[in-house]
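**Student:** Pasting input.pdb below, which is PDB, C-alpha atoms, pLDDT in the B column.
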ATOM      1  CA  GLN A1443    -121.622-225.269-152.956  1.00 66.00           C
ATOM      2  CA  LYS A1444    -121.516-228.507-150.997  1.00 76.00           C
ATOM      3  CA  GLU A1445    -124.791-229.733-149.565  1.00 89.00           C
ATOM      4  CA  VAL A1446    -123.385-229.779-146.033  1.00 94.00           C
ATOM      5  CA  GLU A1447    -120.615-227.501-144.781  1.00 94.00           C
ATOM      6  CA  GLN A1448    -118.744-228.113-141.544  1.00 96.00           C
ATOM      7  CA  ASP A1449    -115.578-226.449-140.305  1.00 91.00           C
ATOM      8  CA  PRO A1450    -112.956-229.206-139.884  1.00 90.00           C
ATOM      9  CA  GLY A1451    -111.194-227.444-136.988  1.00 89.00           C
ATOM     10  CA  PRO A1452    -109.319-228.428-134.956  1.00 94.00           C
ATOM     11  CA  LEU A1453    -111.150-226.746-132.117  1.00 95.00           C
ATOM     12  CA  SER A1454    -109.349-226.680-128.767  1.00 96.00           C
ATOM     13  CA  VAL A1455    -111.155-225.652-125.583  1.00 96.00           C
ATOM     14  CA  PRO A1456    -110.324-225.973-121.877  1.00 97.00           C
ATOM     15  CA  GLU A1457    -112.017-228.615-119.768  1.00 97.00           C
ATOM     16  CA  GLY A1458    -115.331-227.424-118.370  1.00 97.00           C
ATOM     17  CA  ALA A1459    -116.033-224.958-121.180  1.00 97.00           C
ATOM     18  CA  ILE A1460    -119.149-224.969-123.351  1.00 97.00           C
ATOM     19  CA  VAL A1461    -118.434-226.236-126.848  1.00 97.00           C
ATOM     20  CA  SER A1462    -120.383-225.078-129.885  1.00 97.00           C
ATOM     21  CA  LEU A1463    -120.215-227.095-133.101  1.00 97.00           C
ATOM     22  CA  ASN A1464    -122.050-226.019-136.242  1.00 97.00           C
ATOM     23  CA  CYS A1465    -123.060-227.027-139.744  1.00 97.00           C
ATOM     24  CA  THR A1466    -124.800-225.240-142.561  1.00 96.00           C
ATOM     25  CA  TYR A1467    -126.672-226.867-145.399  1.00 95.00           C
ATOM     26  CA  SER A1468    -128.159-225.890-148.715  1.00 93.00           C
ATOM     27  CA  ASN A1469    -130.828-228.525-149.398  1.00 89.00           C
ATOM     28  CA  SER A1470    -134.153-227.459-147.942  1.00 88.00           C
ATOM     29  CA  ALA A1471    -135.442-231.034-148.434  1.00 88.00           C
ATOM     30  CA  PHE A1472    -133.396-232.306-145.498  1.00 90.00           C
ATOM     31  CA  GLN A1473    -135.768-233.561-142.840  1.00 88.00           C
ATOM     32  CA  TYR A1474    -133.695-235.249-140.159  1.00 92.00           C
ATOM     33  CA  PHE A1475    -130.530-233.884-138.606  1.00 95.00           C
ATOM     34  CA  MET A1476    -128.069-236.013-136.687  1.00 96.00           C
ATOM     35  CA  TRP A1477    -124.840-235.639-134.765  1.00 97.00           C
ATOM     36  CA  TYR A1478    -122.300-238.441-134.604  1.00 97.00           C
ATOM     37  CA  ARG A1479    -119.144-238.690-132.533  1.00 97.00           C
ATOM     38  CA  GLN A1480    -116.162-240.557-133.960  1.00 97.00           C
ATOM     39  CA  TYR A1481    -113.083-241.490-132.007  1.00 95.00           C
ATOM     40  CA  SER A1482    -109.857-242.128-133.886  1.00 91.00           C
ATOM     41  CA  ARG A1483    -109.956-245.344-135.916  1.00 86.00           C
ATOM     42  CA  LYS A1484    -113.496-246.173-134.760  1.00 91.00           C
ATOM     43  CA  GLY A1485    -116.894-246.072-136.425  1.00 94.00           C
ATOM     44  CA  PRO A1486    -119.219-243.098-135.888  1.00 95.00           C
ATOM     45  CA  GLU A1487    -121.489-243.258-132.835  1.00 95.00           C
ATOM     46  CA  LEU A1488    -124.934-241.656-132.988  1.00 94.00           C
ATOM     47  CA  LEU A1489    -125.303-238.944-130.346  1.00 95.00           C
ATOM     48  CA  MET A1490    -128.609-237.294-131.196  1.00 93.00           C
ATOM     49  CA  TYR A1491    -131.124-236.789-133.956  1.00 93.00           C
ATOM     50  CA  THR A1492    -133.756-234.108-134.425  1.00 92.00           C
ATOM     51  CA  TYR A1493    -136.583-233.617-136.858  1.00 86.00           C
ATOM     52  CA  SER A1494    -137.947-230.130-136.491  1.00 79.00           C
ATOM     53  CA  SER A1495    -136.548-226.716-135.761  1.00 84.00           C
ATOM     54  CA  GLY A1496    -135.841-226.084-132.097  1.00 87.00           C
ATOM     55  CA  ASN A1497    -133.756-227.607-129.354  1.00 91.00           C
ATOM     56  CA  LYS A1498    -133.330-231.156-128.106  1.00 94.00           C
ATOM     57  CA  GLU A1499    -131.411-231.930-124.960  1.00 95.00           C
ATOM     58  CA  ASP A1500    -129.759-235.152-123.782  1.00 94.00           C
ATOM     59  CA  GLY A1501    -127.590-234.862-120.711  1.00 96.00           C
ATOM     60  CA  ARG A1502    -124.713-232.508-121.444  1.00 97.00           C
ATOM     61  CA  PHE A1503    -125.593-232.350-125.143  1.00 97.00           C
ATOM     62  CA  THR A1504    -128.055-229.994-126.826  1.00 97.00           C
ATOM     63  CA  ALA A1505    -128.870-230.112-130.525  1.00 96.00           C
ATOM     64  CA  GLN A1506    -130.347-227.057-132.176  1.00 96.00           C
ATOM     65  CA  VAL A1507    -131.900-226.785-135.636  1.00 95.00           C
ATOM     66  CA  ASP A1508    -132.828-223.574-137.431  1.00 94.00           C
ATOM     67  CA  LYS A1509    -134.434-224.573-140.724  1.00 91.00           C
ATOM     68  CA  SER A1510    -135.061-220.997-141.787  1.00 92.00           C
ATOM     69  CA  SER A1511    -131.311-220.303-141.681  1.00 93.00           C
ATOM     70  CA  LYS A1512    -130.321-223.853-142.704  1.00 94.00           C
ATOM     71  CA  TYR A1513    -128.075-224.029-139.686  1.00 95.00           C
ATOM     72  CA  ILE A1514    -127.639-226.703-137.030  1.00 96.00           C
ATOM     73  CA  SER A1515    -125.605-226.716-133.843  1.00 97.00           C
ATOM     74  CA  LEU A1516    -124.448-229.090-131.132  1.00 97.00           C
ATOM     75  CA  PHE A1517    -123.598-227.697-127.713  1.00 97.00           C
ATOM     76  CA  ILE A1518    -121.611-229.650-125.157  1.00 98.00           C
ATOM     77  CA  ARG A1519    -121.756-228.396-121.586  1.00 97.00           C
ATOM     78  CA  ASP A1520    -119.112-229.063-118.957  1.00 97.00           C
ATOM     79  CA  SER A1521    -116.770-230.470-121.585  1.00 97.00           C
ATOM     80  CA  GLN A1522    -114.413-233.250-120.531  1.00 97.00           C
ATOM     81  CA  PRO A1523    -111.230-234.701-122.027  1.00 96.00           C
ATOM     82  CA  SER A1524    -113.214-237.823-123.002  1.00 96.00           C
ATOM     83  CA  ASP A1525    -115.267-235.602-125.345  1.00 97.00           C
ATOM     84  CA  SER A1526    -112.169-235.176-127.523  1.00 97.00           C
ATOM     85  CA  ALA A1527    -113.175-236.687-130.859  1.00 97.00           C
ATOM     86  CA  THR A1528    -114.403-235.769-134.322  1.00 97.00           C
ATOM     87  CA  TYR A1529    -118.021-234.644-134.428  1.00 98.00           C
ATOM     88  CA  LEU A1530    -119.937-235.250-137.650  1.00 97.00           C
ATOM     89  CA  CYS A1531    -123.184-233.603-138.565  1.00 97.00           C
ATOM     90  CA  ALA A1532    -125.435-235.559-140.911  1.00 96.00           C
ATOM     91  CA  MET A1533    -128.740-234.998-142.685  1.00 94.00           C
ATOM     92  CA  ILE A1534    -131.353-237.063-144.472  1.00 90.00           C
ATOM     93  CA  SER A1535    -133.796-236.060-147.172  1.00 79.00           C
ATOM     94  CA  ARG A1536    -136.810-237.972-148.447  1.00 74.00           C
ATOM     95  CA  ASP A1537    -134.656-240.403-150.446  1.00 76.00           C
ATOM     96  CA  ASP A1538    -133.279-241.811-147.150  1.00 79.00           C
ATOM     97  CA  LYS A1539    -129.633-241.141-148.011  1.00 81.00           C
ATOM     98  CA  ILE A1540    -127.469-239.631-145.315  1.00 88.00           C
ATOM     99  CA  ILE A1541    -125.168-236.779-146.242  1.00 92.00           C
ATOM    100  CA  PHE A1542    -122.359-236.197-143.754  1.00 95.00           C
ATOM    101  CA  GLY A1543    -120.309-233.111-143.065  1.00 96.00           C
ATOM    102  CA  LYS A1544    -116.535-233.425-143.044  1.00 95.00           C
ATOM    103  CA  GLY A1545    -116.454-233.485-139.244  1.00 96.00           C
ATOM    104  CA  THR A1546    -114.945-231.096-136.694  1.00 97.00           C
ATOM    105  CA  ARG A1547    -111.980-232.308-134.643  1.00 97.00           C
ATOM    106  CA  LEU A1548    -112.440-231.296-131.034  1.00 97.00           C
ATOM    107  CA  HIS A1549    -109.723-231.270-128.362  1.00 97.00           C
ATOM    108  CA  ILE A1550    -110.637-230.729-124.722  1.00 97.00           C
ATOM    109  CA  LEU A1551    -107.575-229.567-122.824  1.00 95.00           C
ATOM    110  CA  PRO A1552    -107.278-230.853-119.221  1.00 92.00           C
TER     111      PRO A1552
ATOM    112  CA  ASP B 696    -122.099-257.946-128.094  1.00 55.00           C
ATOM    113  CA  THR B 697    -125.198-256.996-130.060  1.00 77.00           C
ATOM    114  CA  GLY B 698    -123.734-254.163-132.123  1.00 92.00           C
ATOM    115  CA  VAL B 699    -122.671-254.073-135.769  1.00 96.00           C
ATOM    116  CA  SER B 700    -119.518-256.070-136.413  1.00 96.00           C
ATOM    117  CA  GLN B 701    -117.123-255.962-139.347  1.00 97.00           C
ATOM    118  CA  ASP B 702    -114.370-258.268-140.442  1.00 97.00           C
ATOM    119  CA  PRO B 703    -111.491-257.867-140.987  1.00 97.00           C
ATOM    120  CA  ARG B 704    -110.674-254.699-139.088  1.00 96.00           C
ATOM    121  CA  HIS B 705    -107.642-253.999-141.222  1.00 97.00           C
ATOM    122  CA  LYS B 706    -106.657-255.284-144.661  1.00 98.00           C
ATOM    123  CA  ILE B 707    -103.443-254.600-146.538  1.00 98.00           C
ATOM    124  CA  THR B 708    -103.384-255.700-150.143  1.00 98.00           C
ATOM    125  CA  LYS B 709    -101.382-255.153-153.278  1.00 98.00           C
ATOM    126  CA  ARG B 710    -102.782-253.209-156.177  1.00 97.00           C
ATOM    127  CA  GLY B 711    -104.700-255.460-158.519  1.00 97.00           C
ATOM    128  CA  GLN B 712    -105.790-257.960-155.884  1.00 98.00           C
ATOM    129  CA  ASN B 713    -109.403-258.625-154.935  1.00 98.00           C
ATOM    130  CA  VAL B 714    -110.629-258.084-151.384  1.00 98.00           C
ATOM    131  CA  THR B 715    -113.863-258.946-149.586  1.00 98.00           C
ATOM    132  CA  PHE B 716    -115.218-257.449-146.394  1.00 98.00           C
ATOM    133  CA  ARG B 717    -117.995-258.751-144.183  1.00 98.00           C
ATOM    134  CA  CYS B 718    -120.586-256.915-142.109  1.00 98.00           C
ATOM    135  CA  ASP B 719    -122.932-258.426-139.528  1.00 97.00           C
ATOM    136  CA  PRO B 720    -125.704-255.951-138.648  1.00 96.00           C
ATOM    137  CA  ILE B 721    -127.751-255.714-135.484  1.00 94.00           C
ATOM    138  CA  SER B 722    -129.980-258.760-135.783  1.00 90.00           C
ATOM    139  CA  GLU B 723    -133.367-256.977-135.720  1.00 88.00           C
ATOM    140  CA  HIS B 724    -132.348-254.394-138.355  1.00 92.00           C
ATOM    141  CA  ASN B 725    -133.657-254.882-141.894  1.00 93.00           C
ATOM    142  CA  ARG B 726    -131.562-252.161-143.478  1.00 94.00           C
ATOM    143  CA  LEU B 727    -127.834-252.396-144.024  1.00 96.00           C
ATOM    144  CA  TYR B 728    -125.645-249.631-145.443  1.00 95.00           C
ATOM    145  CA  TRP B 729    -122.105-249.408-146.750  1.00 97.00           C
ATOM    146  CA  TYR B 730    -120.063-246.195-146.584  1.00 96.00           C
ATOM    147  CA  ARG B 731    -116.529-245.200-147.457  1.00 97.00           C
ATOM    148  CA  GLN B 732    -114.558-242.709-145.402  1.00 97.00           C
ATOM    149  CA  THR B 733    -111.229-241.162-146.345  1.00 95.00           C
ATOM    150  CA  LEU B 734    -108.987-239.140-144.064  1.00 92.00           C
ATOM    151  CA  GLY B 735    -110.464-235.803-143.085  1.00 90.00           C
ATOM    152  CA  GLN B 736    -113.830-236.531-144.696  1.00 93.00           C
ATOM    153  CA  GLY B 737    -117.186-237.684-143.483  1.00 95.00           C
ATOM    154  CA  PRO B 738    -118.533-241.083-144.548  1.00 95.00           C
ATOM    155  CA  GLU B 739    -119.828-241.235-148.132  1.00 94.00           C
ATOM    156  CA  PHE B 740    -122.775-243.432-148.997  1.00 93.00           C
ATOM    157  CA  LEU B 741    -122.038-246.406-151.261  1.00 94.00           C
ATOM    158  CA  THR B 742    -125.100-248.653-151.207  1.00 94.00           C
ATOM    159  CA  TYR B 743    -127.847-250.038-149.024  1.00 93.00           C
ATOM    160  CA  PHE B 744    -130.011-253.129-148.661  1.00 94.00           C
ATOM    161  CA  GLN B 745    -133.427-253.719-147.259  1.00 93.00           C
ATOM    162  CA  ASN B 746    -133.430-257.386-146.335  1.00 93.00           C
ATOM    163  CA  GLU B 747    -131.720-259.063-149.306  1.00 93.00           C
ATOM    164  CA  ALA B 748    -132.679-256.437-151.879  1.00 94.00           C
ATOM    165  CA  GLN B 749    -130.081-253.879-152.906  1.00 93.00           C
ATOM    166  CA  LEU B 750    -132.176-250.733-153.227  1.00 91.00           C
ATOM    167  CA  GLU B 751    -129.680-248.084-154.198  1.00 88.00           C
ATOM    168  CA  LYS B 752    -126.094-247.690-155.336  1.00 90.00           C
ATOM    169  CA  SER B 753    -124.060-244.502-155.376  1.00 90.00           C
ATOM    170  CA  ARG B 754    -122.237-243.297-158.450  1.00 86.00           C
ATOM    171  CA  LEU B 755    -119.121-243.774-156.299  1.00 79.00           C
ATOM    172  CA  LEU B 756    -119.644-247.519-156.585  1.00 84.00           C
ATOM    173  CA  SER B 757    -117.721-248.377-159.759  1.00 88.00           C
ATOM    174  CA  ASP B 758    -118.069-251.669-161.612  1.00 92.00           C
ATOM    175  CA  ARG B 759    -115.187-253.049-159.559  1.00 96.00           C
ATOM    176  CA  PHE B 760    -117.334-252.898-156.425  1.00 96.00           C
ATOM    177  CA  SER B 761    -120.074-255.377-155.666  1.00 96.00           C
ATOM    178  CA  ALA B 762    -122.134-255.910-152.544  1.00 96.00           C
ATOM    179  CA  GLU B 763    -124.409-258.756-151.550  1.00 96.00           C
ATOM    180  CA  ARG B 764    -126.717-259.647-148.729  1.00 96.00           C
ATOM    181  CA  PRO B 765    -127.884-263.105-149.800  1.00 91.00           C
ATOM    182  CA  LYS B 766    -130.077-264.085-146.866  1.00 87.00           C
ATOM    183  CA  GLY B 767    -130.937-260.680-145.557  1.00 86.00           C
ATOM    184  CA  SER B 768    -128.543-261.038-142.651  1.00 91.00           C
ATOM    185  CA  PHE B 769    -124.810-260.405-143.124  1.00 96.00           C
ATOM    186  CA  SER B 770    -123.451-258.551-146.133  1.00 98.00           C
ATOM    187  CA  THR B 771    -120.227-258.665-148.112  1.00 98.00           C
ATOM    188  CA  LEU B 772    -118.522-255.913-150.075  1.00 98.00           C
ATOM    189  CA  GLU B 773    -116.037-257.029-152.707  1.00 97.00           C
ATOM    190  CA  ILE B 774    -113.549-254.815-154.514  1.00 97.00           C
ATOM    191  CA  GLN B 775    -111.963-256.316-157.600  1.00 97.00           C
ATOM    192  CA  ARG B 776    -108.627-255.204-159.060  1.00 97.00           C
ATOM    193  CA  THR B 777    -107.940-252.847-156.191  1.00 97.00           C
ATOM    194  CA  GLU B 778    -106.349-249.469-156.865  1.00 96.00           C
ATOM    195  CA  GLN B 779    -104.441-247.191-154.516  1.00 96.00           C
ATOM    196  CA  GLY B 780    -107.392-244.806-154.565  1.00 95.00           C
ATOM    197  CA  ASP B 781    -109.493-247.510-152.904  1.00 97.00           C
ATOM    198  CA  SER B 782    -107.512-247.076-149.684  1.00 97.00           C
ATOM    199  CA  ALA B 783    -110.071-245.914-147.128  1.00 97.00           C
ATOM    200  CA  MET B 784    -112.149-246.973-144.152  1.00 97.00           C
ATOM    201  CA  TYR B 785    -115.184-249.005-145.227  1.00 98.00           C
ATOM    202  CA  LEU B 786    -118.023-248.636-142.775  1.00 98.00           C
ATOM    203  CA  CYS B 787    -121.168-250.658-142.391  1.00 98.00           C
ATOM    204  CA  ALA B 788    -124.300-249.451-140.599  1.00 96.00           C
ATOM    205  CA  SER B 789    -127.735-250.878-139.923  1.00 95.00           C
ATOM    206  CA  SER B 790    -131.167-249.552-138.997  1.00 93.00           C
ATOM    207  CA  PHE B 791    -134.867-250.316-138.987  1.00 89.00           C
ATOM    208  CA  PRO B 792    -136.550-249.219-142.263  1.00 80.00           C
ATOM    209  CA  GLY B 793    -138.640-246.567-140.560  1.00 81.00           C
ATOM    210  CA  ASN B 794    -135.699-245.203-138.565  1.00 85.00           C
ATOM    211  CA  VAL B 795    -133.101-244.414-141.215  1.00 85.00           C
ATOM    212  CA  TYR B 796    -132.004-241.440-139.123  1.00 87.00           C
ATOM    213  CA  GLU B 797    -130.960-243.873-136.393  1.00 90.00           C
ATOM    214  CA  GLN B 798    -128.160-245.809-138.057  1.00 92.00           C
ATOM    215  CA  TYR B 799    -125.677-247.726-135.964  1.00 93.00           C
ATOM    216  CA  PHE B 800    -122.186-248.106-137.335  1.00 95.00           C
ATOM    217  CA  GLY B 801    -119.670-250.877-137.053  1.00 96.00           C
ATOM    218  CA  PRO B 802    -115.983-250.283-136.279  1.00 95.00           C
ATOM    219  CA  GLY B 803    -115.045-250.266-139.962  1.00 97.00           C
ATOM    220  CA  THR B 804    -112.525-252.094-142.127  1.00 98.00           C
ATOM    221  CA  ARG B 805    -109.449-250.071-142.928  1.00 97.00           C
ATOM    222  CA  LEU B 806    -108.143-250.957-146.404  1.00 98.00           C
ATOM    223  CA  THR B 807    -104.608-250.101-147.457  1.00 98.00           C
ATOM    224  CA  VAL B 808    -103.677-250.753-151.074  1.00 98.00           C
ATOM    225  CA  THR B 809     -99.929-250.745-151.717  1.00 97.00           C
TER     226      THR B 809
END
Could you render the structure as structure tokens?
**Tutor:**
Amino acid sequence: QKEVEQDPGPLSVPEGAIVSLNCTYSNSAFQYFMWYRQYSRKGPELLMYTYSSGNKEDGRFTAQVDKSSKYISLFIRDSQPSDSATYLCAMISRDDKIIFGKGTRLHILP
Amino acid sequence: DTGVSQDPRHKITKRGQNVTFRCDPISEHNRLYWYRQTLGQGPEFLTYFQNEAQLEKSRLLSDRFSAERPKGSFSTLEIQRTEQGDSAMYLCASSFPGNVYEQYFGPGTRLTVT
């Protein structure tokens, strides 16, 4: 079992819809959970990071962590065509190394 | 621009040649990381520096790979005797030591080995 599992998609949703992106993980030592957005042929861009279980909101984005289920989510409200990108979940344990998921390709249809 | 920069953005080389990439981190950041990303995969950790000290190397980093950060500022990643399997995007990121969860990435160097 891989340490971090993420459905690669692609996921296509109409503009304005709520998008739900998810990752599961197996290592209970992970402490920090991040979401990155990556446009084609660009480097990843940090969207949000969270430490504890619960929700964290930033504009149209909400990150959710459930440590008991080893499950994290990113919700995007009022999705827009400019949100079309690959979304990578990432996690860090005490050794400070980041483990990334494979990324989910998201297409927002105008 | 105060972000992470990488040079070159794209490199095409023939198998067996040596290549060197450069990364300039955000100036206040002590930590600098190198990752490799292949198509359809997330970035994979290669190595990282705190100031000029190389603190960890992944098992992915074979003997043909070497990284330096001589003055604790920019870093170079060299691949000797390139192989077709080295074709990938090489990403650099930087952070403060206490904020490893807040890494900022450069645009990457795309390597194609023919």
**Student:** Could you tell me which residues the PyMOL selection byres ((chain B and resi 728) around 6) returns for this structure, as a VMD selection string?
**Tutor:** chain B and resid 727 729 742 to 743 787 to 788
**Student:** Take the point (-124.6, -230.3, -129.9) in the file's coordinates, draw a sphere of radius 6 Å around it, and report as a list in words every protein, DNA or RNA residue with an atom inside or on it, counting only C-alpha atoms.
**Tutor:**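 Counting only C-alpha atoms, I find these residues within 6 Å of (-124.6, -230.3, -129.9): Phe1503, Thr1504, Ala1505, Ser1515, Leu1516, Phe1517 and Ile1518 of chain A.
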**Student:** For those residues, write C-alpha atoms to a file as a PDB file, in the frame of the given file.
**Tutor:**
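Once everything was written out, this is result15.pdb:
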ATOM      1  CA  PHE A1503    -125.593-232.350-125.143  1.00 97.00           C
ATOM      2  CA  THR A1504    -128.055-229.994-126.826  1.00 97.00           C
ATOM      3  CA  ALA A1505    -128.870-230.112-130.525  1.00 96.00           C
ATOM      4  CA  SER A1515    -125.605-226.716-133.843  1.00 97.00           C
ATOM      5  CA  LEU A1516    -124.448-229.090-131.132  1.00 97.00           C
ATOM      6  CA  PHE A1517    -123.598-227.697-127.713  1.00 97.00           C
ATOM      7  CA  ILE A1518    -121.611-229.650-125.157  1.00 98.00           C
TER       8      ILE A1518
END
**Student:** List every residue of chain B that has an atom at most 7 Å from any atom of chain A, giving for each one its closest atom pair and the distance in Å to one decimal, counting all atoms listed in the file, sorted by chain and then by ascending residue number, as JSON lines.
**Tutor:**
{"residue": "B:Gly735", "atom": "CA", "partner": "A:Lys1544", "partner_atom": "CA", "distance": 6.5}
{"residue": "B:Gln736", "atom": "CA", "partner": "A:Lys1544", "partner_atom": "CA", "distance": 4.4}
{"residue": "B:Gly737", "atom": "CA", "partner": "A:Lys1544", "partner_atom": "CA", "distance": 4.3}
{"residue": "B:Pro738", "atom": "CA", "partner": "A:Phe1542", "partner_atom": "CA", "distance": 6.3}
{"residue": "B:Leu786", "atom": "CA", "partner": "A:Gly1485", "partner_atom": "CA", "distance": 6.9}
{"residue": "B:Val795", "atom": "CA", "partner": "A:Asp1538", "partner_atom": "CA", "distance": 6.5}
{"residue": "B:Tyr796", "atom": "CA", "partner": "A:Tyr1474", "partner_atom": "CA", "distance": 6.5}
{"residue": "B:Tyr799", "atom": "CA", "partner": "A:Leu1488", "partner_atom": "CA", "distance": 6.8}
{"residue": "B:Phe800", "atom": "CA", "partner": "A:Gly1485", "partner_atom": "CA", "distance": 5.7}
{"residue": "B:Gly801", "atom": "CA", "partner": "A:Gly1485", "partner_atom": "CA", "distance": 5.6}
{"residue": "B:Pro802", "atom": "CA", "partner": "A:Gly1485", "partner_atom": "CA", "distance": 4.3}
{"residue": "B:Gly803", "atom": "CA", "partner": "A:Gly1485", "partner_atom": "CA", "distance": 5.8}
**Student:** If you apply the PyMOL selection byres ((chain B and resi 783) around 12) to this file, what residues do you get, as number ranges by chain?
**Tutor:** A: 1483; B: 704-707, 730-739, 777-782, 784-786, 803-808
**Student:** How many Å separate atom CA of A:Ile1514 from atom CA of B:Arg726?
**Tutor:**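 Pair atom CA of A:Ile1514 / atom CA of B:Arg726 returns 26.6 Å.
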**Student:** Run the PyMOL selection byres ((chain B and resi 724) around 7) mentally over the shown coordinates, then write out the matched residues as a PyMOL selection string, using the chain letters and numbers from the document.
**Tutor:** chain B and resi 720-723+725-726+789-791
**Student:** Using all atoms listed in the file, list the residues that have an atom at most 7 Å from (-125.5, -228.1, -143.6), coordinates as in the file, as an MDAnalysis selection string.
**Tutor:** chainID A and resid 1445:1447 1465:1468 1512:1513
**Student:** Can you tell me, as JSON, the centre and edge lengths (Å, one decimal) of the axis-aligned box enclosing all of stretch 1478-1494 of chain A's listed atoms after padding each side by 8 Å?
**Tutor:**
{"center_x": -123.9, "center_y": -238.2, "center_z": -133.6, "size_x": 44.1, "size_y": 32.0, "size_z": 22.5}
**Student:** Can you tell me how far atom CA of B:Gly711 sits from atom CA of B:Ser757, in Å to one decimal?
**Tutor:**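 That distance, rounded to one decimal, is 14.9 Å.
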**Student:** Can you measure atom CA of B:Thr809 to atom CA of B:Asn713 for me? One decimal in Å is fine.
**Tutor:**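 Atom CA of B:Asn713 lies 12.7 Å from atom CA of B:Thr809.
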**Student:** Give me the residues near B:Phe760 as a VMD selection string, where near means some atom within 9 Å (using only C-alpha atoms) and where sequence neighbours in that chain fewer than 5 positions away do not count.
**Tutor:** chain B and resid 772 to 775
**Student:** Can you pull out every residue within 10 Å of A:Ile1550, counting only C-alpha atoms, but drop anything in the same chain fewer than 5 positions away, and send it as number ranges by chain?
**Tutor:** A: 1453-1459, 1461, 1521-1527
**Student:** Give the answer as one residue: which of A:His1549, A:Asp1520, A:Ala1471, A:Tyr1481 has the shortest atom-to-atom distance to A:Arg1502, using all atoms listed in the file?
**Tutor:** A:Asp1520
